[in-house]
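Below is one structure, written out as structure tokens, with a few remarks after it.
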Amino acid sequence: QVQLVESGGGLVQPGGSLRLSCAASGNIFGIYAVGWYRQATGNERDFVAGMTTGGTTTYTDSVKGRFTISRDIAKNTMYLQMNSLKPEDTAVYYCNTHPWIPDFWGQGTQVIVSS
């Protein structure tokens, strides 16, 4: 059973930056495409950014140019660098495969963008 643990969230002012991390219990990056998702209060969980096993990245339109997904295969860890944060980026952020596997959801990490 793969376990994914997100970290790095917090409170940041608009225009600020955060880097989220997702530590995997095993090497999933050579097997699965992976992604970051977010869920704002009262909303569904939405796709934010993804990376194929070959390293090709995709982003939802609202974060293009601001967020960057990356991975360190040796560390079994993926990252989401978030720059120029906006209040509408406030959400709980999760990592998973892409498309997601229900059993792989972790607890997420809260990001709050507010002045």
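Labels for the structure tokens follow display order: chains A, B, ..., residues from 1 in each chain, ligands from 1.
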Apply DSSP to the backbone of this structure and, from chain A, keep only the residues in strand (DSSP E); write these as an NGL selection string. :A and (4-7 or 10-12 or 18-24 or 34-39 or 46-51 or 57-59 or 67-72 or 77-82 or 91-97 or 109-113)
Selection export as a short mmCIF file (atom, residue, chain, number, x, y, z; two decimals), in the first residue's frame, atoms kept: N, CA and C atoms:
```cif
data_model
loop_
_atom_site.label_atom_id
_atom_site.label_comp_id
_atom_site.auth_asym_id
_atom_site.auth_seq_id
_atom_site.Cartn_x
_atom_site.Cartn_y
_atom_site.Cartn_z
N LEU A 4 1.15 8.49 0.92
CA LEU A 4 1.60 9.80 0.48
C LEU A 4 1.39 10.80 1.61
N VAL A 5 2.42 11.57 1.92
CA VAL A 5 2.35 12.52 3.02
C VAL A 5 2.72 13.90 2.49
N GLU A 6 1.75 14.80 2.54
CA GLU A 6 1.95 16.17 2.09
C GLU A 6 2.43 17.06 3.24
N SER A 7 3.22 18.06 2.90
CA SER A 7 3.68 19.02 3.90
C SER A 7 4.05 20.33 3.20
N GLY A 10 0.74 26.47 4.73
CA GLY A 10 0.79 27.50 5.76
C GLY A 10 0.03 28.73 5.35
N LEU A 11 0.20 29.78 6.12
CA LEU A 11 -0.43 31.07 5.86
C LEU A 11 0.58 31.97 5.15
N VAL A 12 0.17 32.54 4.05
CA VAL A 12 1.06 33.40 3.27
C VAL A 12 0.27 34.58 2.74
N LEU A 18 5.13 29.50 -1.61
CA LEU A 18 5.24 28.32 -0.77
C LEU A 18 5.73 27.17 -1.63
N ARG A 19 6.41 26.21 -1.01
CA ARG A 19 6.76 24.98 -1.70
C ARG A 19 6.18 23.82 -0.91
N LEU A 20 5.31 23.09 -1.57
CA LEU A 20 4.71 21.90 -0.97
C LEU A 20 5.55 20.67 -1.33
N SER A 21 5.56 19.73 -0.42
CA SER A 21 6.27 18.47 -0.64
C SER A 21 5.30 17.31 -0.48
N CYS A 22 5.57 16.24 -1.20
CA CYS A 22 4.78 15.02 -1.11
C CYS A 22 5.76 13.85 -1.05
N ALA A 23 5.85 13.24 0.11
CA ALA A 23 6.75 12.10 0.30
C ALA A 23 5.98 10.80 0.10
N ALA A 24 6.50 9.95 -0.77
CA ALA A 24 5.87 8.67 -1.05
C ALA A 24 6.61 7.54 -0.32
N VAL A 34 1.75 11.41 -11.83
CA VAL A 34 1.38 11.94 -10.52
C VAL A 34 0.81 13.34 -10.66
N GLY A 35 0.13 13.76 -9.63
CA GLY A 35 -0.48 15.08 -9.70
C GLY A 35 -0.70 15.71 -8.34
N TRP A 36 -0.91 17.00 -8.38
CA TRP A 36 -1.35 17.78 -7.21
C TRP A 36 -2.80 18.19 -7.44
N TYR A 37 -3.56 18.16 -6.37
CA TYR A 37 -4.96 18.52 -6.41
C TYR A 37 -5.22 19.47 -5.24
N ARG A 38 -6.34 20.19 -5.32
CA ARG A 38 -6.70 21.05 -4.21
C ARG A 38 -8.21 21.06 -4.04
N GLN A 39 -8.59 21.31 -2.79
CA GLN A 39 -10.01 21.36 -2.47
C GLN A 39 -10.24 22.55 -1.55
N ASP A 46 -10.05 19.43 -7.09
CA ASP A 46 -9.72 19.72 -8.48
C ASP A 46 -8.25 19.45 -8.78
N PHE A 47 -7.99 19.13 -10.01
CA PHE A 47 -6.63 18.94 -10.50
C PHE A 47 -5.92 20.29 -10.56
N VAL A 48 -4.65 20.31 -10.16
CA VAL A 48 -3.84 21.53 -10.21
C VAL A 48 -2.67 21.38 -11.17
N ALA A 49 -1.89 20.31 -11.00
CA ALA A 49 -0.70 20.11 -11.82
C ALA A 49 -0.39 18.63 -11.88
N GLY A 50 0.22 18.20 -12.99
CA GLY A 50 0.54 16.80 -13.14
C GLY A 50 1.87 16.59 -13.84
N MET A 51 2.43 15.41 -13.65
CA MET A 51 3.67 15.04 -14.31
C MET A 51 3.60 13.57 -14.71
N THR A 57 4.89 17.88 -18.00
CA THR A 57 4.04 18.52 -17.00
C THR A 57 2.81 19.15 -17.63
N THR A 58 1.74 19.21 -16.85
CA THR A 58 0.51 19.89 -17.24
C THR A 58 -0.01 20.68 -16.05
N TYR A 59 -0.74 21.74 -16.33
CA TYR A 59 -1.26 22.61 -15.29
C TYR A 59 -2.67 23.06 -15.65
N PHE A 67 2.78 28.19 -10.80
CA PHE A 67 3.09 26.94 -10.08
C PHE A 67 4.00 26.07 -10.93
N THR A 68 4.86 25.32 -10.26
CA THR A 68 5.75 24.39 -10.94
C THR A 68 5.78 23.07 -10.18
N ILE A 69 5.46 22.00 -10.89
CA ILE A 69 5.54 20.67 -10.30
C ILE A 69 6.90 20.07 -10.63
N SER A 70 7.48 19.36 -9.68
CA SER A 70 8.77 18.71 -9.90
C SER A 70 8.85 17.45 -9.04
N ARG A 71 9.87 16.68 -9.23
CA ARG A 71 10.02 15.45 -8.46
C ARG A 71 11.50 15.18 -8.25
N ASP A 72 11.78 14.45 -7.19
CA ASP A 72 13.12 13.93 -6.92
C ASP A 72 12.95 12.43 -6.76
N THR A 77 10.01 11.80 -3.70
CA THR A 77 9.31 13.02 -3.28
C THR A 77 8.98 13.86 -4.49
N MET A 78 7.80 14.47 -4.46
CA MET A 78 7.43 15.43 -5.48
C MET A 78 7.13 16.76 -4.80
N TYR A 79 7.15 17.82 -5.59
CA TYR A 79 7.02 19.16 -5.05
C TYR A 79 6.04 19.98 -5.86
N LEU A 80 5.53 21.01 -5.25
CA LEU A 80 4.75 22.01 -5.96
C LEU A 80 5.25 23.38 -5.49
N GLN A 81 5.99 24.04 -6.35
CA GLN A 81 6.43 25.39 -6.06
C GLN A 81 5.33 26.35 -6.48
N MET A 82 4.87 27.14 -5.53
CA MET A 82 3.75 28.05 -5.79
C MET A 82 4.22 29.48 -5.58
N ALA A 91 -6.76 26.59 -0.14
CA ALA A 91 -7.36 25.26 -0.25
C ALA A 91 -6.49 24.27 0.54
N VAL A 92 -7.01 23.07 0.67
CA VAL A 92 -6.18 21.96 1.13
C VAL A 92 -5.61 21.30 -0.13
N TYR A 93 -4.30 21.11 -0.12
CA TYR A 93 -3.60 20.56 -1.28
C TYR A 93 -3.23 19.10 -1.01
N TYR A 94 -3.46 18.28 -2.02
CA TYR A 94 -3.20 16.85 -1.93
C TYR A 94 -2.34 16.40 -3.11
N CYS A 95 -1.58 15.34 -2.90
CA CYS A 95 -0.90 14.68 -4.00
C CYS A 95 -1.49 13.29 -4.19
N ASN A 96 -1.36 12.80 -5.39
CA ASN A 96 -1.87 11.46 -5.72
C ASN A 96 -1.34 11.11 -7.09
N THR A 97 -1.70 9.97 -7.58
CA THR A 97 -1.42 9.65 -8.96
C THR A 97 -2.38 10.46 -9.83
N THR A 109 -2.36 19.20 2.89
CA THR A 109 -1.71 20.29 3.61
C THR A 109 -2.45 21.58 3.29
N GLN A 110 -2.76 22.35 4.32
CA GLN A 110 -3.60 23.53 4.17
C GLN A 110 -2.76 24.72 3.71
N VAL A 111 -3.26 25.39 2.70
CA VAL A 111 -2.65 26.64 2.23
C VAL A 111 -3.69 27.76 2.37
N ILE A 112 -3.31 28.80 3.06
CA ILE A 112 -4.19 29.96 3.23
C ILE A 112 -3.45 31.19 2.72
N VAL A 113 -4.06 31.84 1.76
CA VAL A 113 -3.48 33.05 1.19
C VAL A 113 -4.35 34.23 1.63
#
```
Selected residue of minimal separation from Ile28 (chain A) among A:Thr90, A:Gly108, A:Gly42, A:Thr52, counting only C-alpha atoms: A:Thr52
Can you tell me how far CA of Pro87 (chain A) sits from CA of Pro99 (chain A), in Å to one decimal?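 Here the two named atoms are 26.4 Å from each other.
Shortest separation to Lys86 (chain A) among A:Thr60, A:Asn43, A:Gln13, A:Thr53 occurs at residue A:Gln13, atoms counted being only C-alpha atoms.
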